[in-house]
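Peer 1: Structure file start_34.cif (mmCIF, C-alpha atoms and all ligand atoms) is given on the next line.
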```
data_target
loop_
_atom_site.label_atom_id
_atom_site.label_comp_id
_atom_site.auth_asym_id
_atom_site.auth_seq_id
_atom_site.Cartn_x
_atom_site.Cartn_y
_atom_site.Cartn_z
CA MET A 1 122.76 86.88 56.51
CA ASN A 2 122.54 87.74 60.17
CA GLU A 3 120.18 85.25 61.78
CA PHE A 4 118.29 88.05 63.58
CA GLN A 5 117.23 89.70 60.29
CA ASN A 6 113.47 89.47 59.71
CA LYS A 7 112.99 88.08 63.21
CA VAL A 8 110.96 89.67 65.98
CA ALA A 9 111.74 90.20 69.67
CA ILE A 10 109.52 91.26 72.57
CA VAL A 11 111.32 92.99 75.44
CA THR A 12 109.30 93.53 78.62
CA GLY A 13 110.45 96.26 80.97
CA GLY A 14 111.96 97.85 77.88
CA THR A 15 111.34 101.36 79.17
CA SER A 16 114.65 101.59 81.04
CA GLY A 17 117.80 99.89 82.27
CA ILE A 18 118.59 96.35 81.14
CA GLY A 19 115.44 96.09 79.02
CA ARG A 20 116.25 99.27 77.10
CA ALA A 21 119.83 98.08 76.48
CA ALA A 22 118.48 94.73 75.27
CA ALA A 23 115.99 96.40 72.90
CA VAL A 24 118.86 98.35 71.37
CA ALA A 25 121.00 95.20 71.12
CA TYR A 26 118.24 93.18 69.37
CA ALA A 27 117.82 96.08 66.91
CA ARG A 28 121.57 96.27 66.30
CA GLU A 29 121.49 92.56 65.43
CA GLY A 30 118.71 93.24 62.92
CA ALA A 31 115.59 92.07 64.76
CA LYS A 32 112.37 94.04 64.88
CA VAL A 33 111.65 95.00 68.47
CA VAL A 34 108.42 95.26 70.43
CA VAL A 35 109.08 97.28 73.55
CA ALA A 36 106.65 96.55 76.38
CA GLY A 37 106.26 98.46 79.61
CA ARG A 38 103.92 100.68 81.54
CA ARG A 39 105.46 104.10 80.78
CA THR A 40 104.63 105.39 77.32
CA ALA A 41 107.11 108.29 77.10
CA GLU A 42 110.04 106.10 78.16
CA GLY A 43 108.87 103.28 75.90
CA GLU A 44 108.76 105.61 72.92
CA GLU A 45 112.27 106.81 73.83
CA THR A 46 113.47 103.21 73.61
CA VAL A 47 111.78 102.80 70.23
CA GLU A 48 113.62 105.93 69.08
CA LEU A 49 116.93 104.33 70.18
CA VAL A 50 115.94 101.24 68.18
CA ARG A 51 115.43 103.46 65.12
CA VAL A 52 118.82 105.10 65.68
CA GLN A 53 120.28 101.59 65.24
CA GLY A 54 118.52 101.47 61.87
CA GLY A 55 115.95 99.14 63.38
CA GLU A 56 112.18 98.95 63.38
CA GLY A 57 110.15 98.85 66.55
CA ILE A 58 106.91 99.66 68.30
CA PHE A 59 105.94 100.34 71.88
CA VAL A 60 102.97 98.50 73.36
CA ALA A 61 101.85 99.80 76.75
CA THR A 62 101.69 96.71 78.93
CA ASP A 63 101.40 95.92 82.59
CA VAL A 64 102.77 92.37 82.60
CA SER A 65 100.76 91.47 85.69
CA LYS A 66 97.49 91.80 83.71
CA ALA A 67 96.58 88.88 81.46
CA VAL A 68 94.48 90.98 79.12
CA GLN A 69 97.38 93.37 78.53
CA VAL A 70 99.95 90.63 77.92
CA LYS A 71 97.55 88.94 75.48
CA ASN A 72 97.19 92.29 73.72
CA LEU A 73 101.00 92.67 73.60
CA VAL A 74 101.42 89.39 71.73
CA GLU A 75 98.41 90.07 69.48
CA ARG A 76 99.78 93.49 68.52
CA THR A 77 103.18 91.90 67.81
CA MET A 78 101.62 89.31 65.50
CA GLN A 79 99.44 91.93 63.76
CA LYS A 80 102.36 94.26 63.15
CA PHE A 81 105.19 91.83 62.38
CA GLY A 82 103.50 88.45 61.80
CA ARG A 83 105.81 86.36 63.96
CA LEU A 84 107.56 86.10 67.30
CA ASP A 85 111.05 84.61 67.61
CA PHE A 86 112.58 86.03 70.79
CA ALA A 87 111.24 87.18 74.13
CA PHE A 88 113.25 88.86 76.83
CA ASN A 89 110.97 88.73 79.87
CA ASN A 90 112.69 91.26 82.02
CA ALA A 91 110.07 93.48 83.70
CA ALA A 92 110.24 93.42 87.48
CA ILE A 93 110.20 95.59 90.55
CA GLU A 94 112.50 95.56 93.53
CA GLN A 95 111.57 95.37 97.19
CA GLU A 96 112.51 98.14 99.56
CA PRO A 97 114.91 96.51 102.06
CA THR A 98 112.71 95.85 105.11
CA PRO A 99 113.07 93.58 108.14
CA PHE A 100 111.13 90.39 107.47
CA LEU A 101 108.65 90.88 110.29
CA GLU A 102 107.74 94.35 108.97
CA GLN A 103 107.09 93.23 105.40
CA ASP A 104 103.44 93.53 104.43
CA GLU A 105 100.96 91.62 102.33
CA ALA A 106 100.53 94.43 99.80
CA THR A 107 104.27 94.36 99.01
CA TYR A 108 104.17 90.57 98.70
CA ASP A 109 101.26 90.74 96.26
CA ARG A 110 102.78 93.55 94.17
CA VAL A 111 106.23 91.92 93.84
CA MET A 112 104.84 88.45 93.11
CA ASP A 113 102.22 89.78 90.68
CA ILE A 114 104.80 91.53 88.52
CA ASN A 115 107.93 89.41 88.96
CA VAL A 116 106.34 85.94 88.92
CA LYS A 117 102.80 86.10 87.56
CA GLY A 118 103.90 88.67 84.98
CA LEU A 119 106.66 86.41 83.71
CA TRP A 120 104.37 83.37 83.73
CA LEU A 121 101.74 85.31 81.75
CA SER A 122 104.40 86.53 79.31
CA MET A 123 105.50 82.98 78.50
CA LYS A 124 101.90 81.74 78.41
CA TYR A 125 101.05 84.12 75.55
CA GLU A 126 104.44 84.19 73.82
CA ILE A 127 104.85 80.43 73.43
CA PRO A 128 101.79 79.81 71.20
CA ALA A 129 102.91 82.68 68.95
CA MET A 130 106.43 81.20 68.68
CA LEU A 131 105.07 77.73 67.93
CA LYS A 132 103.35 79.09 64.80
CA THR A 133 106.76 79.47 63.14
CA GLY A 134 108.41 76.38 64.64
CA GLY A 135 109.84 77.77 67.88
CA GLY A 136 111.93 80.51 69.39
CA SER A 137 114.10 81.49 72.30
CA ILE A 138 112.89 82.92 75.60
CA VAL A 139 115.23 84.64 78.04
CA ASN A 140 113.92 85.45 81.50
CA THR A 141 115.62 87.89 83.85
CA SER A 142 116.17 86.38 87.27
CA SER A 143 118.95 87.74 89.51
CA GLY A 144 121.83 86.67 91.71
CA ALA A 145 118.94 86.78 94.18
CA GLY A 146 117.57 83.79 92.26
CA VAL A 147 120.16 81.53 93.86
CA VAL A 148 121.25 83.25 97.07
CA GLY A 149 119.25 84.74 99.92
CA MET A 150 119.23 88.39 100.98
CA ALA A 151 118.06 89.31 104.46
CA GLY A 152 115.45 92.04 104.23
CA ALA A 153 114.51 91.22 100.63
CA GLU A 154 112.82 87.86 101.14
CA ILE A 155 109.91 88.57 98.79
CA TYR A 156 112.10 89.79 95.91
CA VAL A 157 114.45 86.83 96.47
CA ALA A 158 111.53 84.38 96.42
CA SER A 159 110.25 85.97 93.21
CA LYS A 160 113.63 85.60 91.50
CA HIS A 161 113.98 81.97 92.67
CA ALA A 162 110.53 81.40 91.15
CA VAL A 163 111.73 82.76 87.79
CA ILE A 164 114.29 79.95 87.67
CA GLY A 165 111.62 77.34 88.43
CA LEU A 166 109.38 78.69 85.68
CA THR A 167 112.33 78.79 83.28
CA LYS A 168 113.43 75.21 83.90
CA SER A 169 109.91 73.79 83.75
CA ALA A 170 108.92 75.59 80.55
CA ALA A 171 112.24 74.50 79.00
CA LEU A 172 111.34 70.87 79.72
CA GLU A 173 107.83 71.21 78.37
CA PHE A 174 108.68 72.92 75.07
CA GLY A 175 112.18 71.66 74.26
CA LYS A 176 111.02 69.20 71.60
CA GLN A 177 108.88 71.90 69.98
CA GLY A 178 111.83 74.16 69.23
CA ILE A 179 111.50 76.58 72.11
CA ARG A 180 114.50 77.13 74.36
CA VAL A 181 113.96 78.86 77.70
CA ASN A 182 116.84 80.23 79.75
CA ALA A 183 117.39 82.66 82.59
CA ILE A 184 119.98 85.37 83.09
CA LEU A 185 121.08 86.08 86.65
CA PRO A 186 122.59 89.56 86.73
CA GLY A 187 124.75 90.76 89.56
CA VAL A 188 124.21 94.37 90.59
CA VAL A 189 123.79 96.54 87.50
CA GLU A 190 123.88 100.35 87.19
CA THR A 191 120.19 101.06 86.42
CA ASP A 192 117.28 103.04 87.85
CA MET A 193 116.47 100.05 90.05
CA PHE A 194 119.94 100.15 91.58
CA GLN A 195 119.74 103.94 91.99
CA ARG A 196 116.47 103.58 93.89
CA PHE A 197 117.94 100.79 95.99
CA VAL A 198 121.00 102.79 97.10
CA SER A 199 119.45 106.26 97.16
CA GLU A 200 120.06 108.06 100.42
CA LYS A 201 122.32 105.17 101.51
CA PRO A 202 125.78 106.14 100.20
CA ASP A 203 127.49 103.25 102.02
CA LEU A 204 125.32 100.73 100.23
CA ARG A 205 126.78 101.52 96.78
CA ALA A 206 130.31 100.81 98.05
CA GLN A 207 129.12 97.68 99.85
CA MET A 208 127.40 96.36 96.75
CA THR A 209 130.39 97.11 94.57
CA ALA A 210 132.60 95.21 97.01
CA MET A 211 130.35 92.15 96.70
CA HIS A 212 131.59 91.67 93.12
CA PRO A 213 134.99 89.98 92.80
CA ILE A 214 135.49 91.69 89.43
CA GLY A 215 135.72 94.99 91.37
CA ARG A 216 132.74 96.86 89.95
CA ILE A 217 129.03 96.56 89.29
CA GLY A 218 127.71 95.72 85.85
CA LYS A 219 126.45 97.75 82.91
CA PRO A 220 123.04 97.12 81.31
CA GLU A 221 124.75 96.40 77.98
CA GLU A 222 126.67 93.50 79.56
CA ILE A 223 123.39 91.81 80.46
CA ALA A 224 121.94 92.60 77.03
CA GLU A 225 124.85 90.80 75.32
CA ALA A 226 124.05 87.65 77.30
CA ALA A 227 120.41 87.89 76.17
CA ILE A 228 121.57 88.16 72.55
CA TRP A 229 123.76 85.07 72.91
CA LEU A 230 120.96 83.07 74.55
CA SER A 231 118.58 84.18 71.79
CA SER A 232 120.97 83.25 69.00
CA SER A 233 121.71 79.83 67.52
CA LYS A 234 125.19 80.08 69.08
CA SER A 235 123.48 78.78 72.24
CA SER A 236 121.43 76.16 70.35
CA PHE A 237 122.09 73.34 72.88
CA VAL A 238 121.43 75.53 75.93
CA THR A 239 118.03 75.35 77.58
CA GLY A 240 116.71 75.41 81.13
CA HIS A 241 119.97 77.11 82.07
CA SER A 242 120.65 79.84 84.62
CA LEU A 243 123.42 82.03 83.26
CA MET A 244 125.23 84.09 85.89
CA VAL A 245 126.29 87.46 84.49
CA ASP A 246 127.42 88.82 87.79
CA GLY A 247 131.12 89.68 87.98
CA GLY A 248 131.68 86.61 90.12
CA PHE A 249 129.13 87.55 92.80
CA THR A 250 127.63 84.05 93.09
CA ALA A 251 131.01 82.29 92.69
CA GLN A 252 131.91 83.22 96.26
N1 LIG B 301 119.81 96.44 88.46
C1 LIG B 301 120.20 95.40 89.14
O1 LIG B 301 121.12 95.48 89.94
C2 LIG B 301 119.56 94.06 88.90
C3 LIG B 301 120.19 92.93 89.44
C4 LIG B 301 119.65 91.68 89.23
C5 LIG B 301 118.48 91.56 88.49
N2 LIG B 301 117.89 92.66 88.00
C6 LIG B 301 116.67 92.46 87.22
O2 LIG B 301 116.85 93.04 85.95
C7 LIG B 301 115.57 93.38 85.40
C8 LIG B 301 115.61 94.79 84.87
O3 LIG B 301 115.81 95.68 85.95
P1 LIG B 301 116.65 97.05 85.81
O4 LIG B 301 117.76 96.96 86.73
O5 LIG B 301 116.87 97.34 84.37
O6 LIG B 301 115.64 98.07 86.50
P2 LIG B 301 114.60 99.10 85.89
O7 LIG B 301 113.74 99.51 87.02
O8 LIG B 301 115.33 100.14 85.12
O9 LIG B 301 113.81 98.20 84.85
C9 LIG B 301 112.67 97.45 85.16
C10 LIG B 301 111.64 97.78 84.13
O10 LIG B 301 110.46 97.00 84.34
C11 LIG B 301 109.36 97.87 84.19
N3 LIG B 301 108.20 97.34 84.90
C12 LIG B 301 108.00 97.29 86.24
N4 LIG B 301 106.81 96.78 86.51
C13 LIG B 301 106.23 96.49 85.31
C14 LIG B 301 104.98 95.94 84.93
N5 LIG B 301 104.06 95.59 85.84
N6 LIG B 301 104.73 95.76 83.62
C15 LIG B 301 105.63 96.13 82.69
N7 LIG B 301 106.82 96.67 82.99
C16 LIG B 301 107.13 96.85 84.29
C17 LIG B 301 109.83 99.19 84.77
O11 LIG B 301 109.04 100.27 84.36
C18 LIG B 301 111.23 99.25 84.22
O12 LIG B 301 111.27 99.81 82.93
C19 LIG B 301 114.57 93.13 86.52
O13 LIG B 301 113.98 91.85 86.30
C20 LIG B 301 115.42 93.11 87.75
O14 LIG B 301 114.83 92.38 88.78
C21 LIG B 301 118.40 93.90 88.17
#
```
Just give me the structure as structure tokens.
Peer 2:
Amino acid sequence: MNEFQNKVAIVTGGTSGIGRAAAVAYAREGAKVVVAGRRTAEGEETVELVRVQGGEGIFVATDVSKAVQVKNLVERTMQKFGRLDFAFNNAAIEQEPTPFLEQDEATYDRVMDINVKGLWLSMKYEIPAMLKTGGGSIVNTSSGAGVVGMAGAEIYVASKHAVIGLTKSAALEFGKQGIRVNAILPGVVETDMFQRFVSEKPDLRAQMTAMHPIGRIGKPEEIAEAAIWLSSSKSSFVTGHSLMVDGGFTAQ
């Protein structure tokens, strides 16, 4: 039997892009999927895609930066499906490229609240639920910006470096209790986030494509496949790891 059958996955930021592709991939593998995000219509669309795979899923409206909402997400998961095996903590926002000295406190707070606090809160509530059935696998979405700097995106870069610190430290703390925690570091991927980033800047798309030695940017499904591998027992000796899925971007 497929090891994902009768297992349950939470996907945050499952309303679009990489999160949506991951929700579909978990469903294809046989897991039940809890799609979390702020936008109900888009979340329900993802649940519909899960059903098209023959899967079962629910949407739980969640702003990951709010403890009460993340707590509710995990409670609803346990009420509906009775267990939690996988979490893909993927919700994040980008930072509009801005010279450092013009970056403001409100942007700092918004990016850090969602990208760092939101991921910390997600793990804080997911881990106790996973421990009830002997463990699980957590995959956190960092970025190539988790290991390299980007002028004009200092806050986003700091937030994605922080994801790696949270990932490594939680992996150390819960390794003996059956919870593995890993990070995926995507290169540039064709999603809404990328569209917003390059909109009205046609040169930027070509520049960003050229940054990838493989000669193209990535597809959401290519990141989702890495999340599936890190969730599965095929990666059973992998924890605290940062997996580059970036077309060679960070190999340069
Ligand atoms: N697209 C890229 O090039 C790229 C590259 C590296 C890393 N990433 C990372 O991949 C992840 C997914 O991004 P994407 O490219 O699919 O973009 P996206 O904008 O399509 O997806 C991000 C999702 O997170 C959701 N979200 C934002 N704030 C939230 C909040 N407070 N609570 C709950 N959900 C929230 C958004 O609604 C959206 O559905 C992010 O962590 C992003 O930083 C993306």
Peer 1: Using all atoms listed in the file, which of the listed residues (A:Arg205, A:Lys234, A:Arg216, A:Lys160) sits closest to Phe249 in chain A?
Peer 2: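 Ranking A:Arg205, A:Lys234, A:Arg216, A:Lys160 by distance to Phe249 in chain A, first place goes to A:Arg216.
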Peer 1: Give me, as a CSV table (one decimal) with C-alpha atoms, keeping the file's coordinate frame, all polymer residues having an atom no more than 8 Å from Glu126 in chain A, counting all atoms listed in the file and skipping those fewer than 3 positions away in the same chain.
Peer 2:
```csv
chain,number,residue,atom,x,y,z
A,74,VAL,CA,101.4,89.4,71.7
A,84,LEU,CA,107.6,86.1,67.3
A,87,ALA,CA,111.2,87.2,74.1
A,122,SER,CA,104.4,86.5,79.3
A,123,MET,CA,105.5,83.0,78.5
A,129,ALA,CA,102.9,82.7,69.0
A,130,MET,CA,106.4,81.2,68.7
```
Peer 1: Out of A:Gln53, A:Gln195, A:Ser242, A:Gln103, which residue has the shortest atom-to-atom distance to ligand LIG 301 (chain B) when counting all atoms listed in the file?
Peer 2: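 Checking each candidate against ligand LIG 301 (chain B), we get A:Gln195 as the closest.
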Peer 1: Could you check which of A:Phe100, A:Tyr125, A:Phe88, A:Phe174 is closest to ligand LIG 301 (chain B), using only C-alpha atoms and all ligand atoms?
Peer 2: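 Comparing A:Phe100, A:Tyr125, A:Phe88, A:Phe174 against ligand LIG 301 (chain B), the winner is A:Phe88.
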Peer 1: Nearest to Val47 in chain A: which of A:Val60, A:Ala151, A:Ala91, A:Met78 is it, counting all atoms listed in the file?
Peer 2: A:Val60
Peer 1: What is the distance between CA of Thr191 in chain A and CA of Ala227 in chain A, in Å to one decimal?
Peer 2: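 Between CA of Thr191 in chain A and CA of Ala227 in chain A the gap works out to 16.7 Å.
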Peer 1: For Asn90 in chain A, please output as a list in words all residues within 7 Å (counting all atoms listed in the file; exclusion window: fewer than 5 positions along the same chain).
Peer 2: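 Near neighbours after the sequence-gap exclusion: Val11, Thr12, Gly13, Gly19, Asn140 and Thr141 of chain A.
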Peer 1: Using the selection just defined, write its residues with C-alpha atoms as a tab-separated table (two decimals), in the coordinates of the input.
Peer 2:
```
chain	number	residue	atom	x	y	z
A	11	VAL	CA	111.32	92.99	75.44
A	12	THR	CA	109.30	93.53	78.62
A	13	GLY	CA	110.45	96.26	80.97
A	19	GLY	CA	115.44	96.09	79.02
A	140	ASN	CA	113.92	85.45	81.50
A	141	THR	CA	115.62	87.89	83.85
```
Peer 1: If you count all atoms listed in the file, which residues fall within 10 Å of Phe4 in chain A, apart from same-chain ones fewer than 4 positions away, as a list of chain:residue names?
Peer 2: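 Once the adjacent positions are removed, what remains is A:Val8, A:Ala9, A:Tyr26, A:Ala27, A:Arg28, A:Glu29, A:Gly30, A:Ala31, A:Lys32, A:Asp85, A:Phe86, A:Ile228, A:Ser231, A:Ser232, A:Ser233.
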Peer 1: Residues near Ala162 in chain A, anyone? I mean within 9 Å using all atoms listed in the file, not counting same-chain ones fewer than 3 positions away, as number ranges by chain.
Peer 2: A: 115-116, 142, 146, 157-159, 165-167
Peer 1: Within 12 Å of (96.8, 91.9, 88.2) in the file's own coordinates, which protein, DNA or RNA residues have an atom, counting only C-alpha atoms? List them as a list in words.
Peer 2: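 Residues found, by chain and rising number: Thr62, Asp63, Val64, Ser65, Lys66, Ala67, Val68, Gln69, Val70, Asp109, Arg110, Val111, Met112, Asp113, Ile114, Asn115, Val116, Lys117, Gly118 and Leu121 of chain A.
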Peer 1: Measure the distance from CA of Pro128 in chain A to CA of Val34 in chain A in Å and round it to one decimal.
Peer 2: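 So the answer is 16.8 Å.
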Peer 1: If you measure from atom O5 of ligand LIG 301 (chain B) to CA of Ala224 in chain A, what distance in Å do you get, rounded to one decimal?
Peer 2: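 Distance reported for this atom pair: 10.1 Å.
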Peer 1: Please determine, counting only C-alpha atoms, which residue among A:Gly152, A:Gly187, A:Gly54, A:Pro220 has the shortest atom-to-atom distance to Ser16 in chain A.
Peer 2: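 The answer is A:Pro220, which sits nearest to Ser16 in chain A.
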Peer 1: Output as a PDB file, in the coordinates of the input: range 76-89 of chain A, completed with N, CA and C atoms.
Peer 2:
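Output file out-v1.pdb is given in full below:
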```pdb
ATOM      1  N   ARG A  76      99.271  92.325  69.272  1.00  0.00           N
ATOM      2  CA  ARG A  76      99.780  93.490  68.520  1.00  0.00           C
ATOM      3  C   ARG A  76     101.077  93.130  67.782  1.00  0.00           C
ATOM      4  N   THR A  77     101.919  92.338  68.438  1.00  0.00           N
ATOM      5  CA  THR A  77     103.180  91.900  67.810  1.00  0.00           C
ATOM      6  C   THR A  77     102.884  91.104  66.548  1.00  0.00           C
ATOM      7  N   MET A  78     101.941  90.172  66.658  1.00  0.00           N
ATOM      8  CA  MET A  78     101.620  89.310  65.500  1.00  0.00           C
ATOM      9  C   MET A  78     100.957  90.123  64.392  1.00  0.00           C
ATOM     10  N   GLN A  79     100.096  91.078  64.788  1.00  0.00           N
ATOM     11  CA  GLN A  79      99.440  91.930  63.760  1.00  0.00           C
ATOM     12  C   GLN A  79     100.469  92.756  63.016  1.00  0.00           C
ATOM     13  N   LYS A  80     101.398  93.325  63.759  1.00  0.00           N
ATOM     14  CA  LYS A  80     102.360  94.260  63.150  1.00  0.00           C
ATOM     15  C   LYS A  80     103.448  93.527  62.365  1.00  0.00           C
ATOM     16  N   PHE A  81     104.002  92.454  62.972  1.00  0.00           N
ATOM     17  CA  PHE A  81     105.190  91.830  62.380  1.00  0.00           C
ATOM     18  C   PHE A  81     104.979  90.376  61.929  1.00  0.00           C
ATOM     19  N   GLY A  82     103.852  89.767  62.340  1.00  0.00           N
ATOM     20  CA  GLY A  82     103.500  88.450  61.800  1.00  0.00           C
ATOM     21  C   GLY A  82     104.208  87.254  62.393  1.00  0.00           C
ATOM     22  N   ARG A  83     105.097  87.491  63.351  1.00  0.00           N
ATOM     23  CA  ARG A  83     105.810  86.360  63.960  1.00  0.00           C
ATOM     24  C   ARG A  83     106.444  86.797  65.281  1.00  0.00           C
ATOM     25  N   LEU A  84     106.837  85.810  66.063  1.00  0.00           N
ATOM     26  CA  LEU A  84     107.560  86.100  67.300  1.00  0.00           C
ATOM     27  C   LEU A  84     108.662  85.055  67.461  1.00  0.00           C
ATOM     28  N   ASP A  85     109.904  85.516  67.542  1.00  0.00           N
ATOM     29  CA  ASP A  85     111.050  84.610  67.610  1.00  0.00           C
ATOM     30  C   ASP A  85     111.777  84.658  68.952  1.00  0.00           C
ATOM     31  N   PHE A  86     111.819  85.843  69.551  1.00  0.00           N
ATOM     32  CA  PHE A  86     112.580  86.030  70.790  1.00  0.00           C
ATOM     33  C   PHE A  86     111.736  86.789  71.809  1.00  0.00           C
ATOM     34  N   ALA A  87     111.880  86.401  73.071  1.00  0.00           N
ATOM     35  CA  ALA A  87     111.240  87.180  74.130  1.00  0.00           C
ATOM     36  C   ALA A  87     112.240  87.346  75.267  1.00  0.00           C
ATOM     37  N   PHE A  88     112.411  88.569  75.665  1.00  0.00           N
ATOM     38  CA  PHE A  88     113.250  88.860  76.830  1.00  0.00           C
ATOM     39  C   PHE A  88     112.295  89.348  77.923  1.00  0.00           C
ATOM     40  N   ASN A  89     111.946  88.440  78.813  1.00  0.00           N
ATOM     41  CA  ASN A  89     110.970  88.730  79.870  1.00  0.00           C
ATOM     42  C   ASN A  89     111.728  89.270  81.078  1.00  0.00           C
TER      43      ASN A  89
END
```
